[in-house]
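Before any comments, here is the structure.
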Amino acid sequence: MSTTPTTGQDTLQKFIFDNAAVRGELIDISATWREVQARHDYPAAVKKVLGQMTAAAALLSANLKFNGSIVMQIHGDGPVNLLVVECDADLRLRATAKLTQGATVADDATLTTLLNAHGKGRFVITLDPLEKVPGQQPYQGIVPLDGDDVATVIENYMLRSEQLDTKLWLAADDHVSRGLLLQKLPYHGGKAEATPLNEEEALETWNRAVILGSTLKEQELLTTGIDVLIQRLFWEETIRVFDPLHPQFHCSCTREKVGNMLKMLGREEIDSVIAEQGQVGVDCDFCGKHYEYDKVDCAQLFASTDPVATLIAASDAKH
């Protein structure tokens, strides 16, 4: 069955089980996902994985309690070298993929064959505060690519690195990207956050929520709006639904950030490109915007004493 493109705003719907130790989120991020694809022509299998990562990044970001960005990356050792999704505190997202040159990707390729063919794939989450204090570095967690799909990889990361029981159901194709997140609220001093239940009752509620979520099939997630899904899955539960949030595509690239990336490459490298081409051309991997720097521009870059800022997911300098 083919899916039907959604229209209108993307929506992230938070909810919590009343008097229980479970919170959840449902997301339809299809419009943002189509914006990402409008600038690239990815193979079908890559679209599926990157689309699922886009939904997952927004779901995780919506629970962050700091003003900054979450950057989710998978570094691969197969036909795909890198997948990156970045989401800020306002749920503005961008995403990109880098394929091995000349790689052929089958439509039914799995996460393992795409990114972990030799067991050297890595999953990385970076939390990058918007306003850093002097000397502060972004927090970064790096783990092996443990799982056969994006949802399992993230679940294992959250349990191992954050000690949070998390369940994800993700689905994406050419037109649609949706997801469901359930999370068991942590205990503090023998009590679950925001719940009067004892530990045994809280665990029972969590297990029941996971069983209900596990009835959701990939095709159902692709073809059913999240307003219908929340009723269909949890109609017997007492849940509190919060005001919806609205993710959107946004690329944060600027001429200044690209210039800083060129400074990181070093003057010798940049001077060699100038000598050969007369200018340096850079395309943003996320939005495709083209930047050009001539000899004078590059001289000014290296004359500056300003500190070099990091540009996550480097663009391609055209040699």
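In the structure tokens, chains take the letters A, B, ... in the order shown, each chain's residues start at 1, and ligands count up from 1 in the order shown.
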
request  = Would you list the contacts of Gly179 of chain A as a PyMOL selection string, taking every protein, DNA or RNA residue within 12 Å and counting only C-alpha atoms, but skipping same-chain residues closer than 4 positions in sequence?
outcome  = chain A and resi 11-14+24-30+51-60+150-151+167-172+213+216-226+229-230

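Around Arg23 of chain A, within 10 Å and counting only C-alpha atoms, the residues found are A:Lys14, A:Phe15, A:Ile16, A:Phe17, A:Asp18, A:Ala20, A:Thr166, A:Leu181, A:Leu182, A:Gln183, A:Lys184, A:Leu185, A:Trp206, A:Ala209, A:Ile239, A:Arg240, once anything fewer than 3 positions away on its own chain is removed.
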
inquiry  = as a PyMOL selection string, please: every residue in segment 7-86 of chain A that a backbone DSSP assignment puts in strand (DSSP E).
reply    = chain A and resi 11-17+22-28+68-75+80-86

ask   = Which polymer residues have any atom within 6 Å of an atom of Gly121 of chain A, counting only C-alpha atoms, with same-chain residues fewer than 4 positions away left out, as a PyMOL selection string?
value = chain A and resi 75-77+115-116+145

Only N, CA, C and O atoms, please: the residues just picked out, written as a PDB file, in the first residue's frame.
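And here is the file that came out, result_17.pdb:
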ATOM      1  N   HIS A  75      27.963   7.024  12.242  1.00  0.00           N
ATOM      2  CA  HIS A  75      29.154   6.905  11.399  1.00  0.00           C
ATOM      3  C   HIS A  75      29.224   5.473  10.913  1.00  0.00           C
ATOM      4  O   HIS A  75      29.305   4.536  11.728  1.00  0.00           O
ATOM      5  N   GLY A  76      29.190   5.278   9.603  1.00  0.00           N
ATOM      6  CA  GLY A  76      29.081   3.946   9.046  1.00  0.00           C
ATOM      7  C   GLY A  76      30.351   3.420   8.422  1.00  0.00           C
ATOM      8  O   GLY A  76      31.275   4.184   8.090  1.00  0.00           O
ATOM      9  N   ASP A  77      30.392   2.088   8.245  1.00  0.00           N
ATOM     10  CA  ASP A  77      31.522   1.448   7.563  1.00  0.00           C
ATOM     11  C   ASP A  77      31.036   0.628   6.369  1.00  0.00           C
ATOM     12  O   ASP A  77      31.694  -0.323   5.951  1.00  0.00           O
ATOM     13  N   LEU A 115      25.317   0.602   7.227  1.00  0.00           N
ATOM     14  CA  LEU A 115      26.194   1.378   8.103  1.00  0.00           C
ATOM     15  C   LEU A 115      27.073   0.548   9.031  1.00  0.00           C
ATOM     16  O   LEU A 115      27.941   1.101   9.698  1.00  0.00           O
ATOM     17  N   ASN A 116      26.851  -0.755   9.096  1.00  0.00           N
ATOM     18  CA  ASN A 116      27.610  -1.553  10.044  1.00  0.00           C
ATOM     19  C   ASN A 116      28.060  -2.868   9.415  1.00  0.00           C
ATOM     20  O   ASN A 116      28.090  -3.912  10.077  1.00  0.00           O
ATOM     21  N   LEU A 145      27.275   0.680  17.237  1.00  0.00           N
ATOM     22  CA  LEU A 145      25.969   0.645  16.581  1.00  0.00           C
ATOM     23  C   LEU A 145      25.269  -0.660  16.981  1.00  0.00           C
ATOM     24  O   LEU A 145      25.336  -1.667  16.274  1.00  0.00           O
TER      25      LEU A 145
END

query = Which residues come within 12 Å of Gln163 of chain A, counting only C-alpha atoms, excluding same-chain residues fewer than 4 positions away, as an MDAnalysis selection string?
reply = chainID A and resid 155:159 183:187

Please report, as JSON lines, each residue of segment 247-273 of chain A lying at most 10 Å from segment 91-111 of chain A, together with the nearest pair of atoms and the separation in Å rounded to one decimal; use only C-alpha atoms, and order rows by chain and ascending residue number.
{"residue": "A:Pro247", "atom": "CA", "partner": "A:Leu91", "partner_atom": "CA", "distance": 4.7}
{"residue": "A:Gln248", "atom": "CA", "partner": "A:Arg92", "partner_atom": "CA", "distance": 5.0}
{"residue": "A:Phe249", "atom": "CA", "partner": "A:Leu93", "partner_atom": "CA", "distance": 4.9}
{"residue": "A:His250", "atom": "CA", "partner": "A:Arg92", "partner_atom": "CA", "distance": 5.4}
{"residue": "A:Cys251", "atom": "CA", "partner": "A:Arg94", "partner_atom": "CA", "distance": 5.8}
{"residue": "A:Ser252", "atom": "CA", "partner": "A:Arg94", "partner_atom": "CA", "distance": 8.4}

query = Hey, what's within 12 Å of Asp41 of chain A if we count only C-alpha atoms and toss same-chain stuff fewer than 3 positions away? As a PyMOL selection string, please?
reply = chain A and resi 34-38+44-47+96-99+174

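Computed from the coordinates, the atom CA of His290 of chain A to atom CA of Cys87 of chain A distance equals 22.0 Å.
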
inquiry  = Using Å and a single decimal, report how far atom CA of Asp165 of chain A sits from atom CA of Asn63 of chain A.
reply    = 13.8 Å

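Taking atom CA of Ile74 of chain A as the reference point, atom CA of Ala31 of chain A is found at 22.9 Å.
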
Extract, using only C-alpha atoms, all DNA, RNA and protein residues at most 9 Å from Ala89 of chain A, discarding same-chain residues fewer than 6 positions from it, and format them as an mmCIF file with C-alpha atoms, in the first residue's frame.
data_model
loop_
_atom_site.group_PDB
_atom_site.id
_atom_site.type_symbol
_atom_site.label_atom_id
_atom_site.label_comp_id
_atom_site.auth_asym_id
_atom_site.auth_seq_id
_atom_site.Cartn_x
_atom_site.Cartn_y
_atom_site.Cartn_z
ATOM 1 C CA SER A 61 14.876 16.945 21.642
ATOM 2 C CA ALA A 62 11.380 17.735 22.906
ATOM 3 C CA LEU A 64 15.610 18.261 26.652
ATOM 4 C CA LYS A 65 15.740 20.872 29.394
ATOM 5 C CA PHE A 66 18.444 23.131 28.006
ATOM 6 C CA ASN A 67 18.763 25.791 25.350
ATOM 7 C CA GLY A 68 20.767 24.171 22.617
ATOM 8 C CA SER A 69 20.806 21.513 19.934
ATOM 9 C CA ILE A 70 20.856 17.755 19.842
#
